[in-house]
Amino acid sequence: QVQVVESGGGLVQAGGSLRLSCAASGSRFGFALMGWYRQAPGNQRELVATITSAGSTNYADSVKGRFTISRDNAKNTVFLQMNSLKPEDTAVYYCNAIGRLPPNSYWGQGTQVTVSS
């Protein structure tokens, strides 16, 4: 059974930094794609950043230059380093992992990030 567990959220002042971690387990063939999404109250869930097992990354325009995604394939772990945080970054951040065989999508329970002005 696949499990996806996030950690590292919290409260930070604008301009500060946070680092999110996500560990996925239970997939015999690992995860082809891992990433972070976020959902603010009243908004739809949106992509923040993704990374393939080969290290190719994709970022939302709103976080480019401030956030960095990375992963440890051996541990099926993905990280999101968030710098220069803004109040509009406040949201629940969800980790997503896409398996290989089959390519199912798995979600974590979410971690709250709150940026105060």
# chains A, B, ... in the order shown; residues from 1 in each chain; ligands from 1
call {"tool": "residues_around", "arguments": {"residues": "stretch 98-100 of chain A", "least_positions_apart": "2", "cutoff": "10 Å", "atoms": "only C-alpha atoms", "output": "list in words"}}
result
Val2, Ala24, Gly26, Ser27, Arg28, Phe29, Gly30, Phe31, Ala32, Leu33, Met34, Gly35, Thr52, Asn96, Pro102, Pro103, Asn104, Ser105, Tyr106 and Trp107 of chain A
call {"tool": "residues_around", "arguments": {"residues": "A:Lys86", "least_positions_apart": "4", "cutoff": "7 Å", "atoms": "only C-alpha atoms", "output": "PyMOL selection string"}}
result
chain A and resi 14-15+115
call {"tool": "residues_around", "arguments": {"residues": "A:Gly110", "least_positions_apart": "4", "cutoff": "12 Å", "atoms": "only C-alpha atoms", "output": "list in words"}}
result
Val4, Val5, Glu6, Ser7, Gly8, Gly9, Gly10, Leu20, Ser21, Cys22, Trp36, Tyr37, Arg38, Gln39, Ala40, Arg45, Ala91, Val92, Tyr93, Tyr94, Cys95, Asn96 and Tyr106 of chain A
call {"tool": "select_by_dssp", "arguments": {"residues": "chain A", "states": "strand (DSSP E)", "output": "CSV table (one decimal) with all heavy atoms, in the first residue's frame"}}
result
chain,number,residue,atom,x,y,z
A,3,GLN,N,2.0,5.0,0.6
A,3,GLN,CA,1.8,6.0,1.6
A,3,GLN,C,2.6,7.2,1.2
A,3,GLN,O,3.8,7.1,0.8
A,3,GLN,CB,2.1,5.6,3.0
A,3,GLN,CG,1.2,4.6,3.6
A,3,GLN,CD,1.5,4.3,5.1
A,3,GLN,OE1,2.6,4.2,5.5
A,3,GLN,NE2,0.4,4.3,5.9
A,4,VAL,N,2.0,8.4,1.4
A,4,VAL,CA,2.7,9.7,1.1
A,4,VAL,C,2.6,10.6,2.3
A,4,VAL,O,1.4,10.9,2.7
A,4,VAL,CB,2.1,10.4,-0.2
A,4,VAL,CG1,2.8,11.7,-0.4
A,4,VAL,CG2,2.2,9.4,-1.4
A,5,VAL,N,3.7,11.0,2.9
A,5,VAL,CA,3.6,11.7,4.1
A,5,VAL,C,4.4,13.0,4.0
A,5,VAL,O,5.6,12.9,3.8
A,5,VAL,CB,4.1,10.9,5.3
A,5,VAL,CG1,4.1,11.6,6.6
A,5,VAL,CG2,3.3,9.6,5.4
A,6,GLU,N,3.8,14.1,4.3
A,6,GLU,CA,4.5,15.4,4.2
A,6,GLU,C,4.9,15.9,5.6
A,6,GLU,O,4.2,15.5,6.6
A,6,GLU,CB,3.6,16.5,3.6
A,6,GLU,CG,3.0,16.2,2.2
A,6,GLU,CD,1.6,15.8,2.3
A,6,GLU,OE1,1.2,15.3,3.3
A,6,GLU,OE2,0.9,16.1,1.3
A,7,SER,N,5.9,16.7,5.7
A,7,SER,CA,6.2,17.4,6.9
A,7,SER,C,6.9,18.7,6.6
A,7,SER,O,7.3,18.9,5.5
A,7,SER,CB,7.2,16.5,7.8
A,7,SER,OG,8.4,16.2,7.1
A,10,GLY,N,4.3,25.2,8.6
A,10,GLY,CA,4.3,26.0,9.8
A,10,GLY,C,4.0,27.5,9.5
A,10,GLY,O,3.6,27.8,8.4
A,11,LEU,N,4.3,28.3,10.5
A,11,LEU,CA,4.0,29.8,10.4
A,11,LEU,C,5.4,30.5,10.2
A,11,LEU,O,6.3,30.3,11.0
A,11,LEU,CB,3.3,30.2,11.6
A,11,LEU,CG,3.1,31.7,11.8
A,11,LEU,CD1,2.2,32.3,10.7
A,11,LEU,CD2,2.5,32.0,13.2
A,12,VAL,N,5.4,31.4,9.3
A,12,VAL,CA,6.7,32.2,9.0
A,12,VAL,C,6.3,33.6,8.6
A,12,VAL,O,5.2,33.8,8.0
A,12,VAL,CB,7.5,31.5,8.0
A,12,VAL,CG1,6.8,31.5,6.6
A,12,VAL,CG2,8.9,32.1,7.9
A,13,GLN,N,7.1,34.5,8.9
A,13,GLN,CA,6.9,35.9,8.5
A,13,GLN,C,7.3,36.1,7.0
A,13,GLN,O,8.1,35.3,6.4
A,13,GLN,CB,7.7,36.9,9.3
A,13,GLN,CG,7.2,37.0,10.7
A,13,GLN,CD,8.0,38.1,11.5
A,13,GLN,OE1,9.1,38.4,11.2
A,13,GLN,NE2,7.3,38.7,12.4
A,18,LEU,N,11.0,28.3,4.5
A,18,LEU,CA,10.5,27.0,5.0
A,18,LEU,C,11.0,25.9,4.1
A,18,LEU,O,11.1,26.1,2.9
A,18,LEU,CB,9.0,26.9,5.1
A,18,LEU,CG,8.3,27.6,6.3
A,18,LEU,CD1,6.8,27.5,6.2
A,18,LEU,CD2,8.8,27.0,7.7
A,19,ARG,N,11.2,24.7,4.6
A,19,ARG,CA,11.5,23.5,3.8
A,19,ARG,C,10.5,22.4,4.1
A,19,ARG,O,10.4,22.0,5.2
A,19,ARG,CB,12.9,23.1,4.1
A,19,ARG,CG,13.4,21.9,3.3
A,19,ARG,CD,14.9,21.6,3.7
A,19,ARG,NE,15.4,20.3,3.2
A,19,ARG,CZ,15.9,20.2,2.0
A,19,ARG,NH1,16.0,21.2,1.2
A,19,ARG,NH2,16.4,19.0,1.6
A,20,LEU,N,9.8,22.0,3.0
A,20,LEU,CA,8.9,20.9,3.1
A,20,LEU,C,9.6,19.6,2.7
A,20,LEU,O,10.4,19.6,1.7
A,20,LEU,CB,7.7,21.2,2.3
A,20,LEU,CG,6.9,22.5,2.5
A,20,LEU,CD1,5.7,22.5,1.6
A,20,LEU,CD2,6.5,22.6,3.9
A,21,SER,N,9.2,18.5,3.3
A,21,SER,CA,9.7,17.2,2.9
A,21,SER,C,8.5,16.3,2.7
A,21,SER,O,7.4,16.4,3.3
A,21,SER,CB,10.5,16.6,4.1
A,21,SER,OG,11.7,17.4,4.3
A,22,CYS,N,8.7,15.3,1.8
A,22,CYS,CA,7.6,14.3,1.6
A,22,CYS,C,8.3,13.0,1.3
A,22,CYS,O,9.2,12.9,0.4
A,22,CYS,CB,6.8,14.8,0.4
A,22,CYS,SG,5.7,13.5,-0.3
A,23,ALA,N,7.8,12.0,2.0
A,23,ALA,CA,8.4,10.6,1.8
A,23,ALA,C,7.2,9.7,1.3
A,23,ALA,O,6.2,9.7,1.9
A,23,ALA,CB,8.9,10.1,3.1
A,24,ALA,N,7.5,9.1,0.2
A,24,ALA,CA,6.6,8.1,-0.4
A,24,ALA,C,7.1,6.7,-0.3
A,24,ALA,O,8.3,6.5,-0.4
A,24,ALA,CB,6.3,8.5,-1.9
A,25,SER,N,6.2,5.8,0.0
A,25,SER,CA,6.6,4.4,0.2
A,25,SER,C,5.6,3.5,-0.3
A,25,SER,O,4.4,3.8,-0.5
A,25,SER,CB,6.9,4.2,1.7
A,25,SER,OG,5.7,4.4,2.5
A,31,PHE,N,8.7,6.0,-8.1
A,31,PHE,CA,7.8,7.0,-8.5
A,31,PHE,C,8.4,7.8,-9.7
A,31,PHE,O,9.5,8.4,-9.6
A,31,PHE,CB,7.4,7.9,-7.4
A,31,PHE,CG,6.7,7.1,-6.3
A,31,PHE,CD1,7.5,6.6,-5.2
A,31,PHE,CD2,5.4,6.9,-6.3
A,31,PHE,CE1,6.9,5.9,-4.2
A,31,PHE,CE2,4.8,6.2,-5.2
A,31,PHE,CZ,5.6,5.7,-4.2
A,32,ALA,N,7.7,7.8,-10.8
A,32,ALA,CA,8.2,8.5,-12.0
A,32,ALA,C,8.2,10.0,-11.8
A,32,ALA,O,9.1,10.7,-12.2
A,32,ALA,CB,7.4,8.2,-13.2
A,33,LEU,N,7.2,10.5,-11.1
A,33,LEU,CA,7.1,12.0,-11.0
A,33,LEU,C,6.6,12.3,-9.6
A,33,LEU,O,5.7,11.6,-9.0
A,33,LEU,CB,6.0,12.5,-12.0
A,33,LEU,CG,5.9,14.0,-12.0
A,33,LEU,CD1,7.1,14.7,-12.6
A,33,LEU,CD2,4.6,14.4,-12.8
A,34,MET,N,7.3,13.2,-8.9
A,34,MET,CA,6.8,13.7,-7.6
A,34,MET,C,6.7,15.2,-7.7
A,34,MET,O,7.4,15.9,-8.4
A,34,MET,CB,7.8,13.3,-6.5
A,34,MET,CG,8.0,11.8,-6.4
A,34,MET,SD,9.1,11.2,-5.1
A,34,MET,CE,8.0,11.5,-3.7
A,35,GLY,N,5.8,15.7,-6.8
A,35,GLY,CA,5.6,17.2,-6.9
A,35,GLY,C,4.8,17.7,-5.7
A,35,GLY,O,4.4,17.0,-4.8
A,36,TRP,N,4.7,19.0,-5.8
A,36,TRP,CA,4.0,19.8,-4.7
A,36,TRP,C,2.9,20.6,-5.4
A,36,TRP,O,3.1,21.2,-6.4
A,36,TRP,CB,4.9,20.7,-4.0
A,36,TRP,CG,5.9,20.0,-3.1
A,36,TRP,CD1,7.2,19.6,-3.5
A,36,TRP,CD2,5.7,19.5,-1.8
A,36,TRP,NE1,7.8,19.0,-2.5
A,36,TRP,CE2,6.9,18.9,-1.4
A,36,TRP,CE3,4.7,19.5,-0.9
A,36,TRP,CZ2,7.1,18.3,-0.2
A,36,TRP,CZ3,4.8,19.0,0.3
A,36,TRP,CH2,6.0,18.4,0.7
A,37,TYR,N,1.7,20.6,-4.7
A,37,TYR,CA,0.6,21.4,-5.1
A,37,TYR,C,0.1,22.1,-3.9
A,37,TYR,O,0.5,21.7,-2.8
A,37,TYR,CB,-0.5,20.5,-5.6
A,37,TYR,CG,-0.2,19.8,-6.9
A,37,TYR,CD1,0.7,18.7,-7.0
A,37,TYR,CD2,-0.8,20.2,-8.1
A,37,TYR,CE1,1.0,18.1,-8.2
A,37,TYR,CE2,-0.5,19.6,-9.3
A,37,TYR,CZ,0.4,18.5,-9.3
A,37,TYR,OH,0.8,17.9,-10.5
A,38,ARG,N,-0.7,23.1,-4.1
A,38,ARG,CA,-1.2,23.9,-2.9
A,38,ARG,C,-2.6,24.3,-3.2
A,38,ARG,O,-3.1,24.5,-4.3
A,38,ARG,CB,-0.3,25.1,-2.6
A,38,ARG,CG,-0.3,26.2,-3.6
A,38,ARG,CD,0.7,27.2,-3.3
A,38,ARG,NE,0.7,28.3,-4.3
A,38,ARG,CZ,1.6,29.3,-4.3
A,38,ARG,NH1,2.6,29.3,-3.4
A,38,ARG,NH2,1.6,30.3,-5.2
A,39,GLN,N,-3.3,24.5,-2.1
A,39,GLN,CA,-4.7,24.9,-2.1
A,39,GLN,C,-5.0,25.9,-1.0
A,39,GLN,O,-4.9,25.6,0.2
A,39,GLN,CB,-5.7,23.8,-2.0
A,39,GLN,CG,-7.1,24.1,-2.3
A,39,GLN,CD,-8.0,22.9,-2.4
A,39,GLN,OE1,-7.6,21.8,-2.1
A,39,GLN,NE2,-9.2,23.1,-3.0
A,46,GLU,N,-3.6,24.0,-7.0
A,46,GLU,CA,-2.7,24.4,-8.1
A,46,GLU,C,-1.3,23.8,-8.0
A,46,GLU,O,-0.9,23.5,-6.9
A,46,GLU,CB,-2.6,25.9,-8.2
A,46,GLU,CG,-2.0,26.5,-7.0
A,46,GLU,CD,-1.8,28.0,-7.1
A,46,GLU,OE1,-2.4,28.6,-8.0
A,46,GLU,OE2,-1.1,28.6,-6.2
A,47,LEU,N,-0.7,23.6,-9.1
A,47,LEU,CA,0.6,23.1,-9.2
A,47,LEU,C,1.6,24.1,-8.6
A,47,LEU,O,1.5,25.3,-8.9
A,47,LEU,CB,1.0,22.7,-10.6
A,47,LEU,CG,2.4,22.2,-10.9
A,47,LEU,CD1,2.4,21.1,-11.9
A,47,LEU,CD2,3.4,23.3,-11.2
A,48,VAL,N,2.6,23.6,-7.8
A,48,VAL,CA,3.7,24.5,-7.4
A,48,VAL,C,4.9,24.1,-8.1
A,48,VAL,O,5.6,24.9,-8.8
A,48,VAL,CB,3.9,24.3,-5.9
A,48,VAL,CG1,5.1,25.1,-5.4
A,48,VAL,CG2,2.6,24.8,-5.1
A,49,ALA,N,5.3,22.8,-8.0
A,49,ALA,CA,6.5,22.3,-8.7
A,49,ALA,C,6.5,20.8,-8.8
A,49,ALA,O,5.9,20.2,-7.9
A,49,ALA,CB,7.8,22.8,-8.0
A,50,THR,N,7.1,20.3,-9.9
A,50,THR,CA,7.2,18.8,-10.0
A,50,THR,C,8.7,18.5,-10.4
A,50,THR,O,9.4,19.4,-11.0
A,50,THR,CB,6.3,18.3,-11.1
A,50,THR,OG1,6.5,18.9,-12.4
A,50,THR,CG2,4.8,18.5,-10.7
A,51,ILE,N,9.0,17.3,-10.2
A,51,ILE,CA,10.3,16.8,-10.6
A,51,ILE,C,10.3,15.3,-11.0
A,51,ILE,O,9.6,14.5,-10.3
A,51,ILE,CB,11.4,17.0,-9.4
A,51,ILE,CG1,12.8,16.6,-9.8
A,51,ILE,CG2,10.9,16.3,-8.2
A,51,ILE,CD1,13.8,17.1,-8.9
A,52,THR,N,10.9,15.0,-12.1
A,52,THR,CA,10.9,13.6,-12.6
A,52,THR,C,12.1,12.9,-11.9
A,52,THR,O,12.9,13.5,-11.2
A,52,THR,CB,11.2,13.6,-14.1
A,52,THR,OG1,12.5,14.0,-14.4
A,52,THR,CG2,10.2,14.5,-14.8
A,57,THR,N,12.7,19.5,-13.8
A,57,THR,CA,11.8,20.2,-13.0
A,57,THR,C,10.8,21.1,-13.7
A,57,THR,O,11.1,21.5,-14.9
A,57,THR,CB,12.6,21.1,-12.0
A,57,THR,OG1,13.4,22.0,-12.7
A,57,THR,CG2,13.4,20.2,-11.1
A,58,ASN,N,9.7,21.4,-13.1
A,58,ASN,CA,8.7,22.4,-13.6
A,58,ASN,C,8.2,23.2,-12.5
A,58,ASN,O,7.8,22.6,-11.4
A,58,ASN,CB,7.6,21.6,-14.3
A,58,ASN,CG,6.6,22.5,-14.9
A,58,ASN,OD1,6.9,23.4,-15.6
A,58,ASN,ND2,5.3,22.2,-14.7
A,59,TYR,N,8.1,24.5,-12.7
A,59,TYR,CA,7.6,25.4,-11.6
A,59,TYR,C,6.4,26.2,-12.1
A,59,TYR,O,6.4,26.7,-13.3
A,59,TYR,CB,8.7,26.3,-11.2
A,59,TYR,CG,9.9,25.7,-10.5
A,59,TYR,CD1,11.0,25.3,-11.2
A,59,TYR,CD2,9.9,25.4,-9.1
A,59,TYR,CE1,12.1,24.7,-10.6
A,59,TYR,CE2,10.9,24.8,-8.5
A,59,TYR,CZ,12.0,24.5,-9.2
A,59,TYR,OH,13.1,23.9,-8.6
A,67,PHE,N,11.3,29.3,-5.1
A,67,PHE,CA,11.2,27.9,-4.6
A,67,PHE,C,12.1,27.0,-5.4
A,67,PHE,O,12.3,27.2,-6.6
A,67,PHE,CB,9.7,27.4,-4.7
A,67,PHE,CG,8.7,28.0,-3.9
A,67,PHE,CD1,9.0,29.2,-3.1
A,67,PHE,CD2,7.4,27.5,-3.8
A,67,PHE,CE1,8.1,29.8,-2.3
A,67,PHE,CE2,6.5,28.1,-3.0
A,67,PHE,CZ,6.8,29.2,-2.2
A,68,THR,N,12.6,25.9,-4.7
A,68,THR,CA,13.4,24.9,-5.4
A,68,THR,C,13.0,23.5,-5.0
A,68,THR,O,12.9,23.2,-3.8
A,68,THR,CB,14.9,25.1,-5.0
A,68,THR,OG1,15.3,26.4,-5.4
A,68,THR,CG2,15.8,24.0,-5.7
A,69,ILE,N,12.7,22.7,-6.0
A,69,ILE,CA,12.3,21.3,-5.7
A,69,ILE,C,13.5,20.4,-5.9
A,69,ILE,O,14.3,20.6,-6.9
A,69,ILE,CB,11.1,20.9,-6.6
A,69,ILE,CG1,10.5,19.6,-6.1
A,69,ILE,CG2,11.4,20.9,-8.0
A,69,ILE,CD1,9.2,19.2,-6.8
A,70,SER,N,13.6,19.4,-5.1
A,70,SER,CA,14.6,18.4,-5.3
A,70,SER,C,14.1,17.0,-4.8
A,70,SER,O,13.1,17.0,-4.1
A,70,SER,CB,15.9,18.8,-4.5
A,70,SER,OG,15.6,18.9,-3.1
A,71,ARG,N,14.8,16.0,-5.1
A,71,ARG,CA,14.4,14.7,-4.7
A,71,ARG,C,15.6,13.7,-4.4
A,71,ARG,O,16.6,13.9,-5.0
A,71,ARG,CB,13.4,14.1,-5.6
A,71,ARG,CG,13.9,13.7,-7.0
A,71,ARG,CD,12.8,13.2,-7.9
A,71,ARG,NE,12.4,11.8,-7.6
A,71,ARG,CZ,11.4,11.2,-8.2
A,71,ARG,NH1,10.7,11.8,-9.1
A,71,ARG,NH2,11.1,9.9,-7.9
A,72,ASP,N,15.3,12.8,-3.6
A,72,ASP,CA,16.3,11.7,-3.3
A,72,ASP,C,15.6,10.4,-3.8
A,72,ASP,O,14.7,9.9,-3.2
A,72,ASP,CB,16.6,11.6,-1.8
A,72,ASP,CG,17.6,10.6,-1.5
A,72,ASP,OD1,17.8,9.6,-2.3
A,72,ASP,OD2,18.2,10.7,-0.4
A,77,THR,N,12.0,10.4,-1.7
A,77,THR,CA,11.7,11.6,-0.9
A,77,THR,C,11.8,12.9,-1.8
A,77,THR,O,12.7,12.9,-2.6
A,77,THR,CB,12.6,11.7,0.3
A,77,THR,OG1,12.5,10.5,1.1
A,77,THR,CG2,12.3,12.9,1.1
A,78,VAL,N,10.9,13.8,-1.6
A,78,VAL,CA,11.0,15.0,-2.4
A,78,VAL,C,10.9,16.2,-1.4
A,78,VAL,O,10.3,16.1,-0.4
A,78,VAL,CB,9.8,15.1,-3.4
A,78,VAL,CG1,8.5,15.1,-2.8
A,78,VAL,CG2,10.0,16.3,-4.3
A,79,PHE,N,11.7,17.3,-1.8
A,79,PHE,CA,11.8,18.4,-0.9
A,79,PHE,C,11.3,19.7,-1.6
A,79,PHE,O,11.4,19.8,-2.9
A,79,PHE,CB,13.2,18.6,-0.4
A,79,PHE,CG,13.8,17.4,0.2
A,79,PHE,CD1,14.6,16.5,-0.5
A,79,PHE,CD2,13.6,17.1,1.5
A,79,PHE,CE1,15.1,15.4,0.0
A,79,PHE,CE2,14.1,16.0,2.1
A,79,PHE,CZ,14.9,15.1,1.4
A,80,LEU,N,10.9,20.7,-0.9
A,80,LEU,CA,10.5,22.0,-1.5
A,80,LEU,C,11.1,23.0,-0.6
A,80,LEU,O,10.7,23.2,0.6
A,80,LEU,CB,9.0,22.2,-1.6
A,80,LEU,CG,8.6,23.4,-2.3
A,80,LEU,CD1,9.0,23.3,-3.8
A,80,LEU,CD2,7.1,23.7,-2.2
A,81,GLN,N,12.2,23.7,-1.1
A,81,GLN,CA,12.8,24.8,-0.3
A,81,GLN,C,12.1,26.1,-0.8
A,81,GLN,O,12.1,26.4,-2.0
A,81,GLN,CB,14.3,24.9,-0.6
A,81,GLN,CG,15.0,26.0,0.0
A,81,GLN,CD,15.0,25.9,1.6
A,81,GLN,OE1,15.3,24.8,2.1
A,81,GLN,NE2,14.7,27.0,2.2
A,82,MET,N,11.5,26.7,0.2
A,82,MET,CA,10.7,27.9,-0.1
A,82,MET,C,11.4,29.1,0.5
A,82,MET,O,11.5,29.2,1.7
A,82,MET,CB,9.3,27.8,0.4
A,82,MET,CG,8.6,26.5,-0.1
A,82,MET,SD,6.8,26.4,0.4
A,82,MET,CE,7.0,26.2,2.1
A,91,ALA,N,-1.2,28.5,2.2
A,91,ALA,CA,-2.1,27.4,1.6
A,91,ALA,C,-1.7,26.1,2.3
A,91,ALA,O,-0.8,26.0,3.1
A,91,ALA,CB,-1.8,27.3,0.1
A,92,VAL,N,-2.6,25.1,2.1
A,92,VAL,CA,-2.2,23.8,2.4
A,92,VAL,C,-1.4,23.2,1.2
A,92,VAL,O,-1.9,23.3,0.1
A,92,VAL,CB,-3.5,22.9,2.7
A,92,VAL,CG1,-3.0,21.5,3.0
A,92,VAL,CG2,-4.3,23.5,3.8
A,93,TYR,N,-0.3,22.7,1.5
A,93,TYR,CA,0.6,22.1,0.5
A,93,TYR,C,0.5,20.6,0.5
A,93,TYR,O,0.6,20.0,1.6
A,93,TYR,CB,2.1,22.6,0.8
A,93,TYR,CG,2.3,24.0,0.4
A,93,TYR,CD1,1.7,25.1,1.1
A,93,TYR,CD2,3.1,24.3,-0.7
A,93,TYR,CE1,1.9,26.4,0.7
A,93,TYR,CE2,3.3,25.6,-1.1
A,93,TYR,CZ,2.7,26.6,-0.4
A,93,TYR,OH,2.9,28.0,-0.8
A,94,TYR,N,0.3,20.1,-0.7
A,94,TYR,CA,0.1,18.6,-0.8
A,94,TYR,C,1.2,18.0,-1.7
A,94,TYR,O,1.6,18.6,-2.7
A,94,TYR,CB,-1.2,18.3,-1.5
A,94,TYR,CG,-2.5,18.7,-0.7
A,94,TYR,CD1,-3.0,20.0,-0.9
A,94,TYR,CD2,-3.0,17.8,0.2
A,94,TYR,CE1,-4.1,20.4,-0.2
A,94,TYR,CE2,-4.2,18.2,0.9
A,94,TYR,CZ,-4.7,19.5,0.7
A,94,TYR,OH,-5.8,19.8,1.4
A,95,CYS,N,1.7,16.9,-1.2
A,95,CYS,CA,2.7,16.2,-2.0
A,95,CYS,C,1.9,15.2,-2.9
A,95,CYS,O,0.9,14.5,-2.5
A,95,CYS,CB,3.6,15.4,-1.1
A,95,CYS,SG,4.9,14.4,-1.9
A,96,ASN,N,2.4,15.0,-4.1
A,96,ASN,CA,1.9,14.0,-5.1
A,96,ASN,C,3.0,13.2,-5.6
A,96,ASN,O,4.1,13.6,-5.9
A,96,ASN,CB,1.2,14.8,-6.2
A,96,ASN,CG,0.6,13.9,-7.2
A,96,ASN,OD1,1.2,13.7,-8.3
A,96,ASN,ND2,-0.5,13.2,-6.9
A,97,ALA,N,2.7,11.9,-5.8
A,97,ALA,CA,3.6,10.9,-6.3
A,97,ALA,C,2.9,10.1,-7.4
A,97,ALA,O,1.8,9.6,-7.1
A,97,ALA,CB,4.2,10.1,-5.2
A,98,ILE,N,3.5,10.0,-8.5
A,98,ILE,CA,3.0,9.2,-9.6
A,98,ILE,C,3.8,7.9,-9.7
A,98,ILE,O,5.0,7.9,-10.0
A,98,ILE,CB,3.0,9.9,-11.0
A,98,ILE,CG1,2.3,11.3,-10.9
A,98,ILE,CG2,2.3,9.1,-12.1
A,98,ILE,CD1,0.9,11.3,-10.6
A,99,GLY,N,3.1,6.8,-9.6
A,99,GLY,CA,3.8,5.5,-9.7
A,99,GLY,C,4.2,5.1,-11.1
A,99,GLY,O,3.8,5.8,-12.0
A,105,SER,N,-1.8,7.9,-9.2
A,105,SER,CA,-1.5,9.1,-8.5
A,105,SER,C,-1.8,9.0,-7.0
A,105,SER,O,-2.9,8.6,-6.7
A,105,SER,CB,-2.3,10.3,-9.1
A,105,SER,OG,-2.1,11.5,-8.4
A,106,TYR,N,-0.9,9.4,-6.2
A,106,TYR,CA,-1.1,9.3,-4.8
A,106,TYR,C,-0.8,10.6,-4.1
A,106,TYR,O,0.1,11.4,-4.5
A,106,TYR,CB,-0.1,8.3,-4.2
A,106,TYR,CG,-0.1,6.9,-4.8
A,106,TYR,CD1,0.7,6.5,-5.8
A,106,TYR,CD2,-1.1,6.0,-4.4
A,106,TYR,CE1,0.6,5.3,-6.4
A,106,TYR,CE2,-1.2,4.7,-5.0
A,106,TYR,CZ,-0.3,4.4,-6.0
A,106,TYR,OH,-0.4,3.1,-6.6
A,107,TRP,N,-1.7,10.9,-3.1
A,107,TRP,CA,-1.6,12.2,-2.5
A,107,TRP,C,-1.3,12.1,-1.0
A,107,TRP,O,-1.8,11.1,-0.3
A,107,TRP,CB,-2.9,13.0,-2.6
A,107,TRP,CG,-3.2,13.4,-4.0
A,107,TRP,CD1,-3.9,12.8,-4.9
A,107,TRP,CD2,-2.8,14.7,-4.6
A,107,TRP,NE1,-4.0,13.5,-6.1
A,107,TRP,CE2,-3.3,14.7,-5.9
A,107,TRP,CE3,-2.0,15.7,-4.2
A,107,TRP,CZ2,-3.1,15.7,-6.8
A,107,TRP,CZ3,-1.8,16.8,-5.1
A,107,TRP,CH2,-2.3,16.8,-6.4
A,111,THR,N,0.1,19.7,4.4
A,111,THR,CA,0.7,20.4,5.5
A,111,THR,C,0.5,21.9,5.3
A,111,THR,O,0.6,22.5,4.2
A,111,THR,CB,2.2,20.1,5.6
A,111,THR,OG1,2.7,20.7,6.7
A,111,THR,CG2,3.0,20.6,4.3
A,112,GLN,N,0.1,22.6,6.4
A,112,GLN,CA,-0.3,24.0,6.3
A,112,GLN,C,1.0,24.9,6.3
A,112,GLN,O,1.8,24.7,7.2
A,112,GLN,CB,-1.2,24.4,7.5
A,112,GLN,CG,-1.6,25.8,7.6
A,112,GLN,CD,-2.5,26.2,6.5
A,112,GLN,OE1,-3.5,25.5,6.3
A,112,GLN,NE2,-2.3,27.4,5.9
A,113,VAL,N,1.0,25.8,5.4
A,113,VAL,CA,2.0,26.9,5.4
A,113,VAL,C,1.3,28.2,5.5
A,113,VAL,O,0.4,28.5,4.7
A,113,VAL,CB,2.8,26.8,4.1
A,113,VAL,CG1,3.7,28.0,4.0
A,113,VAL,CG2,3.6,25.5,4.0
A,114,THR,N,1.6,29.0,6.5
A,114,THR,CA,1.0,30.3,6.7
A,114,THR,C,2.1,31.3,6.8
A,114,THR,O,3.1,31.2,7.5
A,114,THR,CB,0.3,30.3,8.1
A,114,THR,OG1,-0.7,29.3,8.0
A,114,THR,CG2,-0.4,31.7,8.3
A,115,VAL,N,2.0,32.3,5.9
A,115,VAL,CA,3.0,33.4,5.8
A,115,VAL,C,2.3,34.7,6.3
A,115,VAL,O,1.3,35.2,5.7
A,115,VAL,CB,3.5,33.6,4.4
A,115,VAL,CG1,4.6,34.7,4.4
A,115,VAL,CG2,4.0,32.3,3.9
A,116,SER,N,2.8,35.3,7.4
A,116,SER,CA,2.2,36.5,7.9
A,116,SER,C,2.9,37.7,7.3
A,116,SER,O,4.1,37.7,7.0
A,116,SER,CB,2.3,36.5,9.4
A,116,SER,OG,3.7,36.5,9.8
call {"tool": "closest_residue", "arguments": {"among": "A:Ser53, A:Ser62, A:Thr90, A:Ser117", "to": "A:Lys75", "atoms": "only C-alpha atoms"}}
result
A:Ser53
call {"tool": "atom_distance", "arguments": {"atom1": "atom CA of A:Ser56", "atom2": "atom CA of A:Leu101"}}
result
20.2 Å
call {"tool": "decode", "arguments": {"residues": "stretch 73-81 of chain A", "atoms": "N, CA and C atoms", "output": "short mmCIF file (atom, residue, chain, number, x, y, z; two decimals), in the first residue's frame"}}
result
data_model
loop_
_atom_site.label_atom_id
_atom_site.label_comp_id
_atom_site.auth_asym_id
_atom_site.auth_seq_id
_atom_site.Cartn_x
_atom_site.Cartn_y
_atom_site.Cartn_z
N ASN A 73 16.01 9.92 -4.99
CA ASN A 73 15.35 8.77 -5.58
C ASN A 73 15.51 7.51 -4.72
N ALA A 74 16.65 7.37 -4.10
CA ALA A 74 16.90 6.18 -3.30
C ALA A 74 15.93 6.07 -2.14
N LYS A 75 15.48 7.22 -1.65
CA LYS A 75 14.56 7.23 -0.51
C LYS A 75 13.15 7.63 -0.89
N ASN A 76 12.90 7.82 -2.19
CA ASN A 76 11.57 8.26 -2.66
C ASN A 76 11.08 9.46 -1.86
N THR A 77 11.97 10.43 -1.72
CA THR A 77 11.68 11.62 -0.94
C THR A 77 11.83 12.85 -1.83
N VAL A 78 10.92 13.79 -1.65
CA VAL A 78 10.98 15.05 -2.40
C VAL A 78 10.94 16.21 -1.41
N PHE A 79 11.65 17.27 -1.76
CA PHE A 79 11.77 18.43 -0.89
C PHE A 79 11.32 19.69 -1.65
N LEU A 80 10.86 20.66 -0.89
CA LEU A 80 10.53 21.95 -1.47
C LEU A 80 11.13 23.02 -0.57
N GLN A 81 12.17 23.66 -1.05
CA GLN A 81 12.78 24.77 -0.33
C GLN A 81 12.08 26.05 -0.77
#
